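Asks: The following block contains the structure, expressed as structure tokens.
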Amino acid sequence: MFCNQCQETLNVKGCIKNGVCGKKGEVADLQDRLIYVLKSIAFYNLKARALGLNEEATDRFLLDSFFATLTNTNFDRREIEILLKKGFDLRDEIKAKIPAEMIPSKRDLPAVVTVTPENIESLEVAVHSTQDKDIRSLRELLTYGLKGLAAYAHHAYVLGYKDEATYEFIEKGLVSTTDDSLSIESLLGLVMECGQKGVSVLALLDKANTETYGNPEPIAINIGVRNRSGILISGHDLRDLEQLLEQTKGTGIDVYTHGEMLPANAYPAFKKYDNFAGNYGNSWWKQNEEFEKFNGPILMTTNCIIPPRESYKNRIYTTGVVGFEGLTHIYEKENDTKDFTPLIEQAKTSKPPEPIESGTITAGFAHEAALSVADKIIDAVKTGKISRFMVIAGCDGRQKERTYYTDFVKALPKDTVILTAGCAKYRYNKLDLGDIGGIPRVLDAGQCNDSYSLVVIAQKLAKAFGLEDINDLPVSYNIAWYEQKAVLVLLALLSLGVKNITLGPTLPAFLSPNVVKVLVENFNLRPNTTVEEDMKVLLKQA
Ligand code: SF4
Ligand code: SF4
């Protein structure tokens, strides 16, 4: 195996035996092969699209399969093997619909396009095996951006919000990584286009979430526990949460969120359930110890699962694109619904969760809520009560260096306001940071899925201050990344022209020195350093 797609890759180079995340070498190899098959599907489906022959099932397969290869999503060898088999069948079905004259001869096609179940194990076509290190770097950057794009498109898709242009771009991007004629400039162009598509898909997901469940409202979320048994839900899938709340209504079983599901507490549609009890625990990497203490069943809806301990293996369930060998998977039924009875039955005989903390945390400041206090915010900036906004968003992770983000927040001047989205906030959202004239010092827009809110807030503030360029706002960016959704969010910000981003805790291992140079020269991207040094730089910007 070789995998370097996330921030925790071994020695900031690449995982080569088993993943730091717990992914086994054989699963990593199977996921690489699945991506080869996706490239082959993409090649033929672009031609099918041109003939008006694209089928929705192909869109769904691409989104499901690509999402399954994200960090901490699917560790299940059998599931990936099933996807591989389905992928070959689908590729052959699509190919059979295309007139022979539209298909170049085999010798003119990249090897991956003609991949077969017989030769797939011997193919040397992984992105990371590309010889030129800058081309390799850009192919990887594009591939990981596309993974993030597919994941966010998937979240919107399950709520019925679809976008053919995004799916077509995913196919085009996949095929581009096999094209040896593409120059560095062309690949850079595709990487930026991926960022633009990221902005559109994040906007679509925002529309999907808010039209379906309402605009998040500011809320103090309970982080303690009640004295009844509960079900814990993690990941990002709001539709799974909705169905779980509906099915547990009136059963006497409470539902708690974990990790990235925390912002769901702020949606009006979910507040009506009196068994929706609050948030339990912290971000994804703390799940081992926290799941052990929860005592009840746990549902993992999207990326964020880590190898479970034996102590709770019999009460953790997967659904959707998530997989882990030995765990019970809740499949979608023909009518697109899911039956969570196994969790509900198990909860009936479970002990209540063990308390691990108490009190509340404030959330629910997505764009509508944040902009409803825009006048107050603008006034506070004009009168000097707020000196600067710090976007400290993105991912959390298990490396001890990430205490940097807690230290950075603690060291911030008291007249700064933090804008956040994603699980990075768990590094500081339980600190007592106070408010500025009633405006909380942490405005939490939600999941990483809600990063679009931060863009809307920045654009509206720029308009209110009469600025043409959002880089002229008193906003600094100190972003933490971990996995491929974060790669897409970073590309989305760059495509909007956002400059001066500080990125940490380490730069992606897949960026070559020359690609880093391009990002520095064009966007003034910089790696984070120490709290003191970064504070000096970030407080002086714009
Ligand atoms: S996802 Fe990250 S930790 Fe897991 S194998 Fe890949 S690089 Fe390693
Ligand atoms: S914030 Fe980052 S680590 Fe957390 S779920 Fe989103 S992409 Fe993954």
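By convention in this document, the chains of the structure tokens carry letters A, B, ... by their order, each chain's residues are numbered from 1, and ligands are numbered from 1 in the order they are shown.
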Quick one: pick out all strand (DSSP E or B) residues within stretch 92-237 of chain A from a backbone DSSP run and write them as a PyMOL selection string.

Replies: chain A and resi 219-222+230-234

Asks: Throw together the list of residues within 12 Å of ligand 1, counting only C-alpha atoms and all ligand atoms, and drop it here as a ChimeraX atom specification.

Replies: /A:1-29,31-32,68-75,144,303-307,397-399,481-484,508-510

Asks: Provide the atom CA of A:Pro342 to atom CA of A:Asn222 distance in Å, to one decimal place.

Replies: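 Computing the Euclidean distance for atom CA of A:Pro342 and atom CA of A:Asn222 yields 26.3 Å.
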
Asks: Nearest to ligand 2 among A:Ile439, A:Ala277, A:Ala151, A:Ala366, with distances taken over only C-alpha atoms and all ligand atoms: which residue is it?

Replies: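 Closest to ligand 2, using only C-alpha atoms and all ligand atoms: A:Ala151.
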
Asks: Sorted by chain and rising residue number, which residues of chain A lie within 6 Å of ligand 2, and what are their closest atom pairs and distances in Å to one decimal, counting only C-alpha atoms and all ligand atoms, as CSV?

Replies:
residue,atom,partner,partner_atom_place_in_ligand_line,distance
A:Glu260,CA,ligand 2,5 (S),5.9
A:Gly394,CA,ligand 2,1 (S),4.7
A:Cys395,CA,ligand 2,2 (Fe),3.5
A:Asp396,CA,ligand 2,3 (S),5.6
A:Gly422,CA,ligand 2,1 (S),3.6
A:Cys423,CA,ligand 2,1 (S),4.3
A:Cys448,CA,ligand 2,6 (Fe),4.5
A:Tyr482,CA,ligand 2,3 (S),5.3
A:Glu483,CA,ligand 2,7 (S),5.3
A:Lys485,CA,ligand 2,7 (S),4.5
A:Ala486,CA,ligand 2,7 (S),4.7

Asks: As a list of chain:residue names, please: the residues near stretch 51-65 of chain A (cut-off 7 Å, only C-alpha atoms, same-chain neighbours under 5 positions excluded).

Replies: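 My reading of the contact set: A:Leu38, A:Asn45, A:Leu83, A:Ala150, A:Ala151, A:His154, A:Tyr167, A:Val321.
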
Asks: Enumerate as a PyMOL selection string all residues of stretch 377-477 of chain A assigned to helix (DSSP H, G or I) by DSSP on the backbone, naming them with the chain letters and numbers the document uses.

Replies: chain A and resi 377-382+400-411+423-427+448-464+470-472

Asks: How would the residues just chosen look if you wrote them out with N, CA and C atoms as a CSV table (one decimal), in the first residue's frame?

Replies:
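This is the output file selection_39.csv:
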chain,number,residue,atom,x,y,z
A,377,ILE,N,-22.6,43.7,14.7
A,377,ILE,CA,-21.2,43.3,14.3
A,377,ILE,C,-20.5,44.5,13.7
A,378,ILE,N,-21.2,45.1,12.7
A,378,ILE,CA,-20.6,46.2,11.9
A,378,ILE,C,-20.3,47.4,12.8
A,379,ASP,N,-21.3,47.6,13.7
A,379,ASP,CA,-21.1,48.7,14.7
A,379,ASP,C,-19.9,48.4,15.6
A,380,ALA,N,-19.8,47.2,16.0
A,380,ALA,CA,-18.7,46.8,16.9
A,380,ALA,C,-17.3,47.0,16.2
A,381,VAL,N,-17.3,46.7,14.9
A,381,VAL,CA,-16.0,46.9,14.2
A,381,VAL,C,-15.7,48.4,14.0
A,382,LYS,N,-16.8,49.1,13.7
A,382,LYS,CA,-16.6,50.6,13.4
A,382,LYS,C,-16.1,51.3,14.7
A,400,LYS,N,-0.6,15.4,19.1
A,400,LYS,CA,-0.5,16.3,20.3
A,400,LYS,C,-0.2,17.7,19.9
A,401,GLU,N,0.4,17.9,18.7
A,401,GLU,CA,0.8,19.3,18.2
A,401,GLU,C,-0.5,20.1,18.1
A,402,ARG,N,-1.6,19.5,18.0
A,402,ARG,CA,-2.9,20.3,17.8
A,402,ARG,C,-3.3,21.0,19.0
A,403,THR,N,-2.6,20.9,20.1
A,403,THR,CA,-2.9,21.8,21.3
A,403,THR,C,-2.5,23.2,20.9
A,404,TYR,N,-1.7,23.3,19.8
A,404,TYR,CA,-1.4,24.6,19.2
A,404,TYR,C,-2.7,25.5,19.1
A,405,TYR,N,-3.8,24.8,18.6
A,405,TYR,CA,-5.0,25.6,18.3
A,405,TYR,C,-5.7,26.1,19.6
A,406,THR,N,-5.6,25.3,20.7
A,406,THR,CA,-6.1,25.8,22.0
A,406,THR,C,-5.3,26.9,22.5
A,407,ASP,N,-4.0,26.8,22.4
A,407,ASP,CA,-3.1,27.8,22.8
A,407,ASP,C,-3.2,29.1,22.0
A,408,PHE,N,-3.4,28.9,20.7
A,408,PHE,CA,-3.6,30.1,19.9
A,408,PHE,C,-4.8,30.9,20.3
A,409,VAL,N,-5.9,30.1,20.5
A,409,VAL,CA,-7.2,30.8,20.8
A,409,VAL,C,-7.1,31.5,22.2
A,410,LYS,N,-6.4,30.8,23.1
A,410,LYS,CA,-6.2,31.4,24.5
A,410,LYS,C,-5.4,32.7,24.4
A,411,ALA,N,-4.5,32.7,23.4
A,411,ALA,CA,-3.6,33.9,23.3
A,411,ALA,C,-4.2,35.1,22.5
A,423,CYS,N,-14.7,20.3,12.8
A,423,CYS,CA,-14.4,19.8,14.2
A,423,CYS,C,-13.2,20.4,14.9
A,424,ALA,N,-12.5,21.3,14.2
A,424,ALA,CA,-11.4,22.0,14.8
A,424,ALA,C,-11.8,22.7,16.1
A,425,LYS,N,-13.1,23.1,16.1
A,425,LYS,CA,-13.6,23.9,17.2
A,425,LYS,C,-13.6,23.2,18.6
A,426,TYR,N,-13.5,21.8,18.5
A,426,TYR,CA,-13.5,21.1,19.8
A,426,TYR,C,-12.2,21.4,20.6
A,427,ARG,N,-11.2,22.0,19.9
A,427,ARG,CA,-10.0,22.4,20.6
A,427,ARG,C,-10.2,23.6,21.5
A,448,CYS,N,-18.0,20.9,8.9
A,448,CYS,CA,-17.2,21.3,7.8
A,448,CYS,C,-18.1,21.4,6.6
A,449,ASN,N,-19.2,20.7,6.5
A,449,ASN,CA,-20.2,20.7,5.5
A,449,ASN,C,-20.8,22.1,5.3
A,450,ASP,N,-20.7,22.9,6.4
A,450,ASP,CA,-21.4,24.2,6.4
A,450,ASP,C,-20.3,25.4,6.2
A,451,SER,N,-19.2,25.0,5.6
A,451,SER,CA,-18.1,26.0,5.4
A,451,SER,C,-18.6,27.2,4.5
A,452,TYR,N,-19.6,26.9,3.7
A,452,TYR,CA,-20.2,27.9,2.8
A,452,TYR,C,-20.7,29.1,3.6
A,453,SER,N,-21.2,28.8,4.8
A,453,SER,CA,-21.7,29.9,5.7
A,453,SER,C,-20.6,30.9,5.9
A,454,LEU,N,-19.4,30.5,6.1
A,454,LEU,CA,-18.3,31.4,6.4
A,454,LEU,C,-18.0,32.3,5.1
A,455,VAL,N,-18.2,31.7,4.0
A,455,VAL,CA,-18.0,32.5,2.7
A,455,VAL,C,-19.1,33.6,2.6
A,456,VAL,N,-20.4,33.2,2.9
A,456,VAL,CA,-21.5,34.1,2.8
A,456,VAL,C,-21.3,35.2,3.8
A,457,ILE,N,-20.9,34.9,5.0
A,457,ILE,CA,-20.6,35.9,6.1
A,457,ILE,C,-19.6,36.9,5.6
A,458,ALA,N,-18.4,36.4,5.1
A,458,ALA,CA,-17.3,37.2,4.6
A,458,ALA,C,-17.8,38.1,3.5
A,459,GLN,N,-18.5,37.5,2.5
A,459,GLN,CA,-19.0,38.3,1.4
A,459,GLN,C,-20.0,39.4,1.8
A,460,LYS,N,-20.9,39.1,2.8
A,460,LYS,CA,-21.8,40.1,3.2
A,460,LYS,C,-21.1,41.2,4.0
A,461,LEU,N,-20.2,40.9,4.8
A,461,LEU,CA,-19.4,41.9,5.6
A,461,LEU,C,-18.7,42.8,4.6
A,462,ALA,N,-18.0,42.2,3.6
A,462,ALA,CA,-17.3,43.0,2.6
A,462,ALA,C,-18.2,44.0,2.0
A,463,LYS,N,-19.4,43.6,1.7
A,463,LYS,CA,-20.4,44.4,1.0
A,463,LYS,C,-20.8,45.6,2.0
A,464,ALA,N,-21.1,45.2,3.2
A,464,ALA,CA,-21.5,46.2,4.2
A,464,ALA,C,-20.4,47.3,4.5
A,470,ILE,N,-12.6,40.6,-0.6
A,470,ILE,CA,-12.8,40.1,0.7
A,470,ILE,C,-11.5,40.1,1.5
A,471,ASN,N,-10.4,40.1,0.7
A,471,ASN,CA,-9.0,40.1,1.4
A,471,ASN,C,-8.8,41.4,2.2
A,472,ASP,N,-9.6,42.5,1.9
A,472,ASP,CA,-9.4,43.7,2.6
A,472,ASP,C,-10.2,43.8,3.9

Asks: Would you list the contacts of A:Glu325 as a list in words, taking every protein, DNA or RNA residue within 9 Å and counting only C-alpha atoms, but skipping same-chain residues closer than 6 positions in sequence?

Replies: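 Contacts, in chain order: Phe75, Asp76, Arg77, Arg78 and Glu79 of chain A.
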
Asks: Record the distance separating atom CA of A:Thr420 and atom CA of A:Ile501, expressed in Å with one decimal.

Replies: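 Those two atoms sit 14.2 Å apart.
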
Asks: So, with only C-alpha atoms as the atoms that count, which of A:Asp134, A:Thr114, A:Ala48, A:Leu187 lies closest to A:Lys97?

Replies: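 Of the candidates, the smallest distance to A:Lys97 is held by A:Ala48.
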